[in-house]
>>> print(open('target-v4.cif').read())   # mmCIF, C-alpha atoms
data_structure
#
loop_
_atom_site.label_atom_id
_atom_site.label_comp_id
_atom_site.auth_asym_id
_atom_site.auth_seq_id
_atom_site.Cartn_x
_atom_site.Cartn_y
_atom_site.Cartn_z
CA MET A 774 175.37 71.09 46.53
CA ASN A 775 175.83 74.32 44.62
CA THR A 776 173.00 76.43 46.09
CA ARG A 777 174.00 79.43 44.00
CA ARG A 778 173.48 77.43 40.77
CA ILE A 779 170.06 76.21 41.99
CA ALA A 780 169.00 79.77 42.72
CA VAL A 781 170.05 80.95 39.27
CA VAL A 782 168.17 78.10 37.55
CA ALA A 783 165.07 78.83 39.62
CA LEU A 784 165.27 82.49 38.66
CA GLY A 785 165.51 81.56 34.98
CA LEU A 786 162.49 79.27 35.21
CA GLY A 787 160.55 82.03 36.94
CA LEU A 788 161.37 84.46 34.13
CA LEU A 789 160.33 81.91 31.51
CA THR A 790 156.97 81.28 33.18
CA THR A 791 156.21 85.00 33.34
CA GLY A 792 157.08 85.47 29.67
CA CYS A 793 159.77 88.15 30.16
CA SER A 794 163.49 88.44 30.56
CA ALA A 795 165.60 90.20 33.09
CA ASP A 796 166.27 92.98 30.57
CA SER A 797 162.63 93.48 29.42
CA GLU A 798 160.65 96.58 30.33
CA PRO A 799 157.58 96.09 32.55
CA GLU A 800 154.29 96.37 30.73
CA PRO A 801 152.64 99.76 31.22
CA ALA A 802 149.65 99.89 33.54
CA PRO A 803 146.31 100.26 31.76
CA ALA A 804 145.05 103.80 31.52
CA PRO A 805 142.48 104.61 34.19
CA ALA A 806 138.88 104.88 33.05
CA PRO A 807 137.77 108.47 32.57
CA ALA A 808 135.93 109.92 35.54
CA PRO A 809 132.20 110.44 34.97
CA ALA A 810 131.16 114.00 34.28
CA PRO A 811 129.96 115.87 37.38
CA LEU A 812 126.22 116.13 37.89
CA PRO A 813 124.76 119.56 37.11
CA THR A 814 123.79 121.87 39.96
CA GLY A 815 122.13 125.26 40.23
CA GLY A 816 122.08 127.25 37.02
CA ASP A 817 125.41 125.99 35.72
CA PRO A 818 125.29 125.44 31.94
CA VAL A 819 126.03 122.00 30.47
CA ASP A 820 127.33 121.12 27.02
CA LEU A 821 125.38 118.05 25.91
CA ASP A 822 126.11 116.11 22.73
CA PRO A 823 122.78 114.95 21.23
CA GLY A 824 124.57 111.92 19.80
CA ASP A 825 125.33 110.80 23.35
CA PHE A 826 121.65 110.28 24.19
CA HIS A 827 118.94 107.70 23.60
CA PRO A 828 115.18 108.31 23.99
CA THR A 829 114.60 105.27 26.19
CA SER A 830 116.06 104.32 29.55
CA GLU A 831 117.29 100.97 30.80
CA HIS A 832 118.13 102.44 34.20
CA PRO A 833 117.02 99.91 36.84
CA TYR A 834 115.48 102.64 39.01
CA PHE A 835 114.07 104.81 36.21
CA PRO A 836 113.11 102.60 33.25
CA ILE A 837 111.46 104.30 30.27
CA ARG A 838 110.17 101.98 27.54
CA PRO A 839 107.35 102.65 25.06
CA GLY A 840 104.00 101.40 26.33
CA GLN A 841 104.90 101.35 30.02
CA ARG A 842 102.21 102.75 32.28
CA TRP A 843 102.20 103.48 36.00
CA THR A 844 99.02 104.38 37.91
CA TYR A 845 99.27 106.24 41.22
CA ARG A 846 96.93 107.45 43.94
CA GLU A 847 97.84 110.87 45.28
CA ASP A 848 96.44 112.23 48.56
CA GLU A 849 97.06 115.92 49.18
CA ASN A 850 95.29 118.46 51.39
CA GLY A 851 92.29 116.18 51.86
CA SER A 852 91.87 115.47 48.14
CA THR A 853 92.49 112.19 46.36
CA MET A 854 93.74 112.28 42.79
CA HIS A 855 94.28 109.64 40.15
CA VAL A 856 97.62 109.89 38.31
CA VAL A 857 98.37 107.97 35.10
CA VAL A 858 101.89 108.08 33.64
CA THR A 859 102.37 106.57 30.17
CA VAL A 860 105.48 106.30 27.98
CA SER A 861 104.60 107.15 24.41
CA SER A 862 105.88 105.20 21.42
CA GLU A 863 106.57 108.63 19.88
CA THR A 864 109.71 110.66 20.56
CA GLU A 865 110.44 114.35 20.16
CA GLN A 866 113.55 116.42 19.57
CA VAL A 867 113.74 119.18 22.15
CA ALA A 868 115.32 122.55 21.43
CA ASN A 869 118.82 121.57 22.59
CA GLY A 870 118.91 118.86 19.90
CA VAL A 871 118.40 115.78 22.10
CA GLU A 872 115.85 113.19 20.93
CA ALA A 873 113.71 112.51 23.98
CA ALA A 874 111.06 110.08 25.15
CA ILE A 875 107.61 111.58 25.63
CA VAL A 876 106.06 110.61 28.96
CA ARG A 877 102.42 111.66 29.46
CA ASP A 878 101.30 112.47 33.02
CA THR A 879 97.56 112.96 33.49
CA VAL A 880 95.97 113.88 36.84
CA THR A 881 92.24 113.65 37.53
CA GLU A 882 90.15 114.29 40.63
CA GLY A 883 86.68 112.78 40.81
CA GLY A 884 86.92 112.09 37.09
CA ALA A 885 87.66 115.74 36.23
CA LEU A 886 90.95 116.65 34.56
CA VAL A 887 93.26 118.64 36.86
CA GLU A 888 96.61 118.53 35.09
CA ASP A 889 97.95 117.17 31.81
CA THR A 890 101.69 117.15 31.12
CA LYS A 891 104.13 115.96 28.50
CA ASP A 892 107.57 115.32 30.03
CA TRP A 893 110.76 114.73 28.03
CA TYR A 894 113.46 112.30 29.17
CA ALA A 895 116.60 110.75 27.65
CA GLN A 896 119.47 108.60 28.92
CA ASP A 897 123.12 109.41 28.23
CA SER A 898 125.90 106.92 27.47
CA GLU A 899 127.05 106.95 31.11
CA GLY A 900 123.59 105.84 32.24
CA ASN A 901 122.29 109.11 33.72
CA VAL A 902 118.62 109.82 33.01
CA TRP A 903 118.09 113.46 32.07
CA TYR A 904 114.96 115.57 32.41
CA LEU A 905 114.73 117.86 29.39
CA GLY A 906 111.50 119.72 29.99
CA GLU A 907 107.75 119.60 30.38
CA ASP A 908 104.70 121.06 28.71
CA THR A 909 102.16 121.41 31.49
CA ALA A 910 98.50 122.40 31.37
CA GLU A 911 96.42 122.96 34.53
CA PHE A 912 92.62 122.88 34.46
CA GLU A 913 89.72 124.04 36.63
CA ASP A 914 86.14 123.08 35.78
CA GLY A 915 87.34 121.80 32.43
CA LYS A 916 89.04 125.07 31.50
CA LEU A 917 92.74 125.70 30.97
CA VAL A 918 94.00 128.06 33.66
CA ALA A 919 97.80 127.85 33.64
CA HIS A 920 100.99 126.45 32.11
CA GLU A 921 103.00 127.01 35.28
CA GLY A 922 106.33 125.21 35.44
CA SER A 923 106.58 124.51 31.71
CA PHE A 924 110.07 124.66 30.22
CA GLU A 925 112.12 123.19 27.39
CA ALA A 926 115.88 122.73 27.52
CA GLY A 927 117.42 125.17 25.07
CA VAL A 928 114.54 127.67 25.07
CA ASP A 929 114.88 131.05 26.83
CA GLY A 930 117.84 129.91 28.90
CA ALA A 931 116.16 126.77 30.27
CA LEU A 932 118.59 124.00 31.20
CA PRO A 933 118.18 120.23 31.51
CA GLY A 934 118.80 118.35 34.72
CA VAL A 935 119.31 114.81 35.97
CA ILE A 936 116.30 112.91 37.28
CA MET A 937 118.29 109.78 38.23
CA PRO A 938 122.10 109.40 38.35
CA ALA A 939 123.64 106.39 36.61
CA ASP A 940 124.86 104.90 39.89
CA PRO A 941 122.90 106.58 42.68
CA GLU A 942 124.90 106.79 45.89
CA PRO A 943 124.12 108.58 49.16
CA GLY A 944 125.47 112.12 49.15
CA MET A 945 124.89 112.81 45.45
CA ALA A 946 123.14 116.13 44.81
CA TYR A 947 122.00 117.49 41.46
CA ARG A 948 119.52 119.77 39.77
CA GLN A 949 116.54 118.15 38.13
CA GLU A 950 115.54 121.17 36.06
CA TYR A 951 116.41 124.83 35.72
CA TYR A 952 114.32 127.60 34.23
CA GLU A 953 114.85 130.64 36.38
CA GLY A 954 111.76 131.60 38.32
CA GLU A 955 109.68 128.80 36.80
CA ALA A 956 111.32 125.41 37.36
CA GLU A 957 114.17 124.98 39.84
CA ASP A 958 113.76 121.50 41.33
CA ARG A 959 116.68 119.72 42.97
CA GLY A 960 117.33 116.13 44.03
CA ALA A 961 119.68 114.32 46.41
CA VAL A 962 120.28 110.63 47.06
CA LEU A 963 119.79 109.84 50.75
CA ALA A 964 120.06 106.05 50.99
CA GLN A 965 120.11 102.72 49.20
CA ASP A 966 118.61 99.32 50.04
CA GLN A 967 115.42 100.78 51.50
CA GLN A 968 111.93 99.26 51.73
CA ALA A 969 108.68 100.67 50.41
CA GLU A 970 105.07 99.58 50.76
CA ALA A 971 102.42 100.58 48.19
CA PRO A 972 99.15 99.10 46.90
CA ASP A 973 101.11 97.50 44.06
CA GLY A 974 103.24 95.53 46.53
CA HIS A 975 106.22 95.49 48.85
CA PHE A 976 109.56 96.56 47.40
CA ASP A 977 113.05 95.88 48.73
CA GLY A 978 116.33 97.46 47.68
CA ALA A 979 114.80 100.86 46.89
CA VAL A 980 116.73 104.11 46.41
CA LEU A 981 115.59 106.98 48.61
CA THR A 982 115.89 110.56 47.33
CA ALA A 983 114.96 113.99 48.69
CA ASP A 984 113.32 116.46 46.30
CA THR A 985 113.31 120.20 46.98
CA SER A 986 112.74 123.39 45.02
CA ALA A 987 114.47 126.74 45.22
CA LEU A 988 111.09 128.30 44.41
CA GLU A 989 109.29 126.55 47.29
CA PRO A 990 111.92 126.24 50.04
CA ASP A 991 109.42 124.89 52.58
CA VAL A 992 108.50 121.88 50.43
CA LEU A 993 110.34 118.58 50.93
CA GLU A 994 109.44 115.23 49.41
CA TYR A 995 111.03 111.83 49.91
CA LYS A 996 110.79 109.49 46.92
CA LEU A 997 111.46 105.76 46.78
CA TYR A 998 112.45 104.09 43.51
CA ALA A 999 112.31 100.30 43.22
CA GLU A 1000 114.59 98.31 40.94
CA GLY A 1001 112.93 97.36 37.67
CA VAL A 1002 109.84 99.44 38.46
CA GLY A 1003 110.74 103.09 39.03
CA LEU A 1004 108.95 105.45 41.39
CA VAL A 1005 106.77 103.53 43.85
CA LEU A 1006 106.20 105.96 46.71
CA THR A 1007 106.35 109.72 47.35
CA LEU A 1008 106.10 111.03 50.90
CA GLY A 1009 105.42 114.68 51.62
CA VAL A 1010 107.62 115.70 54.54
CA SER A 1011 106.86 119.42 54.74
CA GLY A 1012 105.29 122.33 52.92
CA GLY A 1013 101.93 120.68 52.27
CA ALA A 1014 103.26 118.00 49.94
CA GLY A 1015 101.09 114.88 49.99
CA ARG A 1016 101.52 111.14 49.55
CA GLU A 1017 101.60 109.38 46.19
CA GLU A 1018 101.72 105.59 45.94
CA LEU A 1019 101.92 103.14 43.08
CA VAL A 1020 98.65 101.31 42.46
CA SER A 1021 99.53 99.29 39.36
CA THR A 1022 101.86 98.89 36.37
CA GLU A 1023 101.03 97.58 32.91
CA ILE A 1024 101.98 97.63 29.23
CA VAL A 1025 99.41 99.41 27.05
CA ASP A 1026 98.56 98.66 23.43
CA ALA A 1027 100.30 100.36 20.49
CA ALA A 1028 97.48 102.85 19.79
CA THR A 1029 97.36 104.01 23.41
CA ALA A 1030 101.13 104.30 23.57
CA ARG A 1031 101.17 106.45 20.45
CA ALA A 1032 98.30 108.62 21.71
CA ALA A 1033 100.30 109.45 24.83
CA GLY A 1034 102.61 111.48 22.61
CA THR A 1035 100.21 112.82 20.01
CA THR A 1036 96.94 113.62 21.79
CA PRO A 1037 96.65 117.38 22.52
CA LEU A 1038 96.97 118.46 26.12
CA GLY A 1039 93.64 118.51 27.87
CA THR A 1040 92.27 115.56 25.91
CA GLN A 1041 91.85 112.49 28.09
CA TYR A 1042 92.62 109.07 26.71
CA LYS A 1043 92.33 105.52 27.99
#
>>> encode(input="target-v4.cif", output="structure tokens")
Amino acid sequence: MNTRRIAVVALGLGLLTTGCSADSEPEPAPAPAPAPAPLPTGGDPVDLDPGDFHPTSEHPYFPIRPGQRWTYREDENGSTMHVVVTVSSETEQVANGVEAAIVRDTVTEGGALVEDTKDWYAQDSEGNVWYLGEDTAEFEDGKLVAHEGSFEAGVDGALPGVIMPADPEPGMAYRQEYYEGEAEDRGAVLAQDQQAEAPDGHFDGAVLTADTSALEPDVLEYKLYAEGVGLVLTLGVSGGAGREELVSTEIVDAATARAAGTTPLGTQYK
């Protein structure tokens, strides 16, 4: 038996089945996918392309769709407050050119308005959810007393931040907002696959974050975000921060969703 001839034939068959010849060049390896842009920190500027954003979010841990409403109970310093967060069907272009979702956040205590805020969010093509500013009004005895913490990305040096990374992993740290001396909140992902208990139910697979502020260094909050729901539980760890827990979720009618973006601050709506 000519073993050398058998080996040569086998080699030829192998080359035929792989679709190449002994003289062909190997196919080039596919180009690696571009690395995601780093998350913003501190007061570092970012160059955002408005065309890269959409004013809704399909993020599993931070969904933003018109008509969504979350109701929370917040206990802080012996007071119990009622918090209603509604995604408007209206959008708004903020000063840096990004078209953003309007999310209305209304806080009442004993039926009296305490705080009324319009927040602006948008999701980029990588899946990060950005926080682009807030217009906040604080009230005492029915009277406007402050706009503390208000900022708009692109106005007076204010910068946007990330409220939820595309793929949250423990160790990630990022700024949530930056307006020097007014809004300097920061976030960090601590853990995945956590559990949370709130009046609205029991949630598995939650993402746990830590929220801090350069302006209030003694304040620390842990937040738990459930898949398909969003924020379900906030735990004040230090600095007087309280506890906020999800009571219910719903989809509101078209008129209510629109009002969340068009009703003047300080005007309550159902």
>>> atom_distance(input="target-v4.cif", atom1="CA of Trp903 in chain A", atom2="CA of Leu1006 in chain A")
20.3 Å
>>> closest_residue(input="target-v4.cif", among="A:Gly816, A:Pro836, A:Gly884, A:Gly974", to="Arg948 in chain A", atoms="all atoms listed in the file")
A:Gly816
>>> resolve_selection(input="target-v4.cif", expression="the PyMOL selection byres ((chain A and resi 920) around 7)", output="PyMOL selection string")
chain A and resi 909-911+919+921-923
>>> write_last_selection(input="target-v4.cif", atoms="C-alpha atoms", output="tab-separated table (two decimals), in the frame of the given file")
chain	number	residue	atom	x	y	z
A	909	THR	CA	102.16	121.41	31.49
A	910	ALA	CA	98.50	122.40	31.37
A	911	GLU	CA	96.42	122.96	34.53
A	919	ALA	CA	97.80	127.85	33.64
A	921	GLU	CA	103.00	127.01	35.28
A	922	GLY	CA	106.33	125.21	35.44
A	923	SER	CA	106.58	124.51	31.71
>>> residues_near_point(input="target-v4.cif", point="(112.7, 111.1, 38.3)", cutoff="8 Å", atoms="all atoms listed in the file", output="ChimeraX atom specification")
/A:835,904,935-937,1004
>>> write_last_selection(input="target-v4.cif", atoms="C-alpha atoms", output="tab-separated table (two decimals), in the frame of the given file")
chain	number	residue	atom	x	y	z
A	835	PHE	CA	114.07	104.81	36.21
A	904	TYR	CA	114.96	115.57	32.41
A	935	VAL	CA	119.31	114.81	35.97
A	936	ILE	CA	116.30	112.91	37.28
A	937	MET	CA	118.29	109.78	38.23
A	1004	LEU	CA	108.95	105.45	41.39
>>> atom_distance(input="target-v4.cif", atom1="CA of Pro938 in chain A", atom2="CA of Arg959 in chain A")
12.5 Å
>>> residues_around(input="target-v4.cif", residues="Val887 in chain A", least_positions_apart="3", cutoff="12 Å", atoms="only C-alpha atoms", output="NGL selection string")
:A and (852-857 or 878-884 or 890 or 909-920 or 1038-1041)
